[in-house]
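Below: work37.cif (mmCIF, C-alpha atoms)
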```cif
data_final
loop_
_atom_site.group_PDB
_atom_site.id
_atom_site.type_symbol
_atom_site.label_atom_id
_atom_site.label_comp_id
_atom_site.auth_asym_id
_atom_site.auth_seq_id
_atom_site.Cartn_x
_atom_site.Cartn_y
_atom_site.Cartn_z
ATOM 1 C CA LYS E 229 -8.918 -26.059 31.574
ATOM 2 C CA VAL E 230 -6.845 -23.187 32.934
ATOM 3 C CA MET E 231 -3.786 -25.446 33.246
ATOM 4 C CA LEU E 232 -4.250 -26.531 29.631
ATOM 5 C CA LEU E 233 -4.232 -22.884 28.567
ATOM 6 C CA GLY E 234 -0.964 -22.497 30.465
ATOM 7 C CA ASP E 235 0.446 -25.625 28.814
ATOM 8 C CA ASP E 236 -0.512 -24.246 25.406
ATOM 9 C CA CYS E 237 1.313 -20.999 26.174
ATOM 10 C CA VAL E 238 4.429 -22.919 27.238
ATOM 11 C CA SER E 239 4.391 -24.845 23.953
ATOM 12 C CA LYS E 240 4.389 -21.486 22.126
ATOM 13 C CA GLY E 241 7.164 -20.045 24.301
ATOM 14 C CA GLU E 242 4.806 -17.532 25.938
ATOM 15 C CA TYR E 243 6.108 -18.096 29.461
ATOM 16 C CA SER E 244 4.759 -14.925 31.083
ATOM 17 C CA ARG E 245 1.273 -15.738 29.873
ATOM 18 C CA ALA E 246 1.639 -19.359 31.012
ATOM 19 C CA MET E 247 2.648 -18.157 34.472
ATOM 20 C CA TYR E 248 -0.518 -16.060 34.591
ATOM 21 C CA TYR E 249 -2.684 -19.113 33.807
ATOM 22 C CA TYR E 250 -0.849 -21.304 36.309
ATOM 23 C CA GLU E 251 -1.354 -18.675 39.018
ATOM 24 C CA ASP E 252 -5.068 -18.691 38.156
ATOM 25 C CA ALA E 253 -5.083 -22.474 38.379
ATOM 26 C CA LYS E 254 -3.482 -22.280 41.827
ATOM 27 C CA ASP E 255 -6.227 -19.904 42.957
ATOM 28 C CA LEU E 256 -8.889 -22.280 41.656
ATOM 29 C CA VAL E 257 -7.317 -25.335 43.286
ATOM 30 C CA ARG E 258 -7.278 -23.532 46.641
ATOM 31 C CA THR E 259 -11.069 -23.488 46.614
ATOM 32 C CA TYR E 260 -11.255 -27.293 46.660
ATOM 33 C CA ASN E 261 -10.677 -29.459 49.699
ATOM 34 C CA SER E 262 -9.871 -32.953 48.587
ATOM 35 C CA GLU E 263 -7.025 -35.355 47.931
ATOM 36 C CA LYS E 264 -7.324 -34.562 44.223
ATOM 37 C CA ALA E 265 -6.865 -30.858 45.018
ATOM 38 C CA ASP E 266 -3.588 -31.613 46.819
ATOM 39 C CA GLU E 267 -2.336 -33.496 43.781
ATOM 40 C CA LEU E 268 -3.408 -30.691 41.424
ATOM 41 C CA TRP E 269 -1.699 -28.154 43.700
ATOM 42 C CA ARG E 270 1.607 -29.992 43.338
ATOM 43 C CA VAL E 271 1.198 -30.283 39.556
ATOM 44 C CA VAL E 272 0.364 -26.595 39.141
ATOM 45 C CA ASN E 273 3.285 -25.530 41.346
ATOM 46 C CA ARG E 274 5.670 -27.708 39.332
ATOM 47 C CA LYS E 275 4.389 -26.269 36.055
ATOM 48 C CA LEU E 276 4.647 -22.724 37.411
ATOM 49 C CA ASP E 277 8.232 -23.345 38.532
ATOM 50 C CA GLU E 278 9.141 -24.772 35.126
ATOM 51 C CA ALA E 279 7.553 -21.854 33.253
ATOM 52 C CA THR E 280 9.339 -19.381 35.528
ATOM 53 C CA SER E 281 12.658 -21.116 34.946
ATOM 54 C CA GLU E 282 12.175 -21.164 31.172
ATOM 55 C CA LYS E 283 11.205 -17.472 31.158
ATOM 56 C CA GLU E 284 14.373 -16.638 33.076
ATOM 57 C CA LYS E 285 16.459 -18.571 30.514
ATOM 58 C CA VAL E 286 14.767 -16.822 27.586
ATOM 59 C CA ASP E 287 15.140 -13.405 29.226
ATOM 60 C CA HIS E 288 18.838 -14.085 29.801
ATOM 61 C CA GLU E 289 19.323 -15.190 26.185
ATOM 62 C CA TYR E 290 17.589 -12.028 24.961
ATOM 63 C CA GLU E 291 19.684 -9.779 27.185
ATOM 64 C CA GLU E 292 22.886 -11.495 26.031
ATOM 65 C CA SER E 293 21.933 -11.015 22.382
ATOM 66 C CA LEU E 294 21.125 -7.364 23.056
ATOM 67 C CA ARG E 295 24.434 -6.841 24.863
ATOM 68 C CA LYS E 296 26.409 -8.440 22.018
ATOM 69 C CA LEU E 297 24.471 -6.493 19.409
ATOM 70 C CA LYS E 298 25.285 -3.179 21.077
ATOM 71 C CA ILE E 299 28.986 -4.054 21.241
ATOM 72 C CA LEU E 300 29.109 -5.190 17.617
ATOM 73 C CA LEU E 301 27.291 -2.122 16.328
ATOM 74 C CA GLU E 302 29.474 0.221 18.326
ATOM 75 C CA ALA E 303 32.579 -1.429 16.878
ATOM 76 C CA ASP E 304 31.226 -1.159 13.308
ATOM 77 C CA ASP E 305 29.844 2.403 13.416
ATOM 78 C CA ASN E 306 26.231 1.130 13.624
ATOM 79 C CA LYS E 307 26.562 -0.978 10.475
ATOM 80 C CA PHE E 308 25.122 -4.452 10.564
ATOM 81 C CA ASN E 309 27.245 -7.449 9.653
ATOM 82 C CA LYS E 310 26.742 -11.211 9.804
ATOM 83 C CA TYR E 311 27.188 -11.355 13.592
ATOM 84 C CA SER E 312 25.059 -8.364 14.498
ATOM 85 C CA ASN E 313 22.335 -9.662 12.172
ATOM 86 C CA GLU E 314 22.417 -13.005 13.991
ATOM 87 C CA CYS E 315 22.025 -11.245 17.345
ATOM 88 C CA LEU E 316 19.091 -9.202 16.124
ATOM 89 C CA ASP E 317 17.457 -12.217 14.481
ATOM 90 C CA ASN E 318 17.672 -14.045 17.807
ATOM 91 C CA MET E 319 16.111 -11.078 19.597
ATOM 92 C CA ILE E 320 13.293 -11.012 17.026
ATOM 93 C CA LYS E 321 12.698 -14.709 17.560
ATOM 94 C CA ILE E 322 12.463 -14.271 21.334
ATOM 95 C CA TYR E 323 10.666 -10.923 21.769
ATOM 96 C CA PRO E 324 9.707 -9.433 18.388
ATOM 97 C CA ASP E 325 7.682 -6.557 19.834
ATOM 98 C CA ARG E 326 9.980 -5.428 22.634
ATOM 99 C CA ASP E 327 11.070 -1.795 22.310
ATOM 100 C CA GLU E 328 14.766 -2.630 21.891
ATOM 101 C CA THR E 329 13.993 -5.158 19.158
ATOM 102 C CA VAL E 330 11.824 -2.701 17.253
ATOM 103 C CA TYR E 331 14.487 0.002 17.547
ATOM 104 C CA TYR E 332 17.247 -2.193 16.160
ATOM 105 C CA LYS E 333 15.024 -3.577 13.395
ATOM 106 C CA LYS E 334 14.453 0.009 12.246
ATOM 107 C CA LEU E 335 18.169 0.766 12.526
ATOM 108 C CA ARG E 336 18.988 -2.279 10.403
ATOM 109 C CA GLY E 337 16.429 -1.195 7.827
ATOM 110 C CA ARG E 338 18.183 2.127 7.276
#
```

Encoding of this model in structure tokens:
Amino acid sequence: KVMLLGDDCVSKGEYSRAMYYYEDAKDLVRTYNSEKADELWRVVNRKLDEATSEKEKVDHEYEESLRKLKILLEADDNKFNKYSNECLDNMIKIYPDRDETVYYKKLRGR
């Protein structure tokens, strides 16, 4: 059940939360001593590795969008244009509640 919660989080792009559930699943699997437990251990480790890798990709994409946004805004005296809007929209899609995203959403609203 815990792995399914992690899988659900992955399907929603909530990789940090998925990693939490997969770590819990690993802890649970450790309490069993059977051939099935060994198989589950491998499955959970694979899923944890995949979630970690996806989170790293998403974090990198967010940071790149943030970097580009800062450059574009600096060049345009903090005025949004098509390209800076695209960067911010991507940031909103990835991490809508992160402090940097909220800051730039407010700046765009002005």

Check what the PyMOL selection byres ((chain E and resi 264-272) around 10) selects in the file above and give those residues as a ChimeraX atom specification.
/E:231,234,247,249-263,273-278

Could you list the residues chosen by the PyMOL selection byres ((chain E and resi 296) around 12) in this structure as a PDB file with C-alpha atoms, in the coordinates of the input?
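Once everything was written out, this is expr-v1.pdb:
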```pdb
ATOM      1  CA  GLU E 289      19.323 -15.190  26.185  1.00  0.00           C
ATOM      2  CA  TYR E 290      17.589 -12.028  24.961  1.00  0.00           C
ATOM      3  CA  GLU E 291      19.684  -9.779  27.185  1.00  0.00           C
ATOM      4  CA  GLU E 292      22.886 -11.495  26.031  1.00  0.00           C
ATOM      5  CA  SER E 293      21.933 -11.015  22.382  1.00  0.00           C
ATOM      6  CA  LEU E 294      21.125  -7.364  23.056  1.00  0.00           C
ATOM      7  CA  ARG E 295      24.434  -6.841  24.863  1.00  0.00           C
ATOM      8  CA  LEU E 297      24.471  -6.493  19.409  1.00  0.00           C
ATOM      9  CA  LYS E 298      25.285  -3.179  21.077  1.00  0.00           C
ATOM     10  CA  ILE E 299      28.986  -4.054  21.241  1.00  0.00           C
ATOM     11  CA  LEU E 300      29.109  -5.190  17.617  1.00  0.00           C
ATOM     12  CA  LEU E 301      27.291  -2.122  16.328  1.00  0.00           C
ATOM     13  CA  GLU E 302      29.474   0.221  18.326  1.00  0.00           C
ATOM     14  CA  ALA E 303      32.579  -1.429  16.878  1.00  0.00           C
ATOM     15  CA  TYR E 311      27.188 -11.355  13.592  1.00  0.00           C
ATOM     16  CA  SER E 312      25.059  -8.364  14.498  1.00  0.00           C
ATOM     17  CA  ASN E 313      22.335  -9.662  12.172  1.00  0.00           C
ATOM     18  CA  GLU E 314      22.417 -13.005  13.991  1.00  0.00           C
ATOM     19  CA  CYS E 315      22.025 -11.245  17.345  1.00  0.00           C
ATOM     20  CA  LEU E 316      19.091  -9.202  16.124  1.00  0.00           C
ATOM     21  CA  ASN E 318      17.672 -14.045  17.807  1.00  0.00           C
ATOM     22  CA  MET E 319      16.111 -11.078  19.597  1.00  0.00           C
TER      23      MET E 319
END
```

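One distance worth recording is that between CA of Lys307 in chain E and CA of Asp327 in chain E, which is 19.5 Å.
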
Could you list, as a ChimeraX atom specification, every residue within 6 Å of Tyr243 in chain E, counting only C-alpha atoms and ignoring same-chain residues fewer than 2 positions away?
/E:238,241,245-246,279,283

The residue from E:Val230, E:Thr280, E:Phe308, E:Lys240 with the smallest atom-to-atom distance to Lys334 in chain E, counting all atoms listed in the file, is E:Phe308

Could you please determine the separation between CA of Asp305 in chain E and CA of Ile322 in chain E in Å, to one decimal place?
25.4 Å

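The two atoms in question, CA of Arg326 in chain E and CA of Leu232 in chain E, are spaced 26.4 Å apart.
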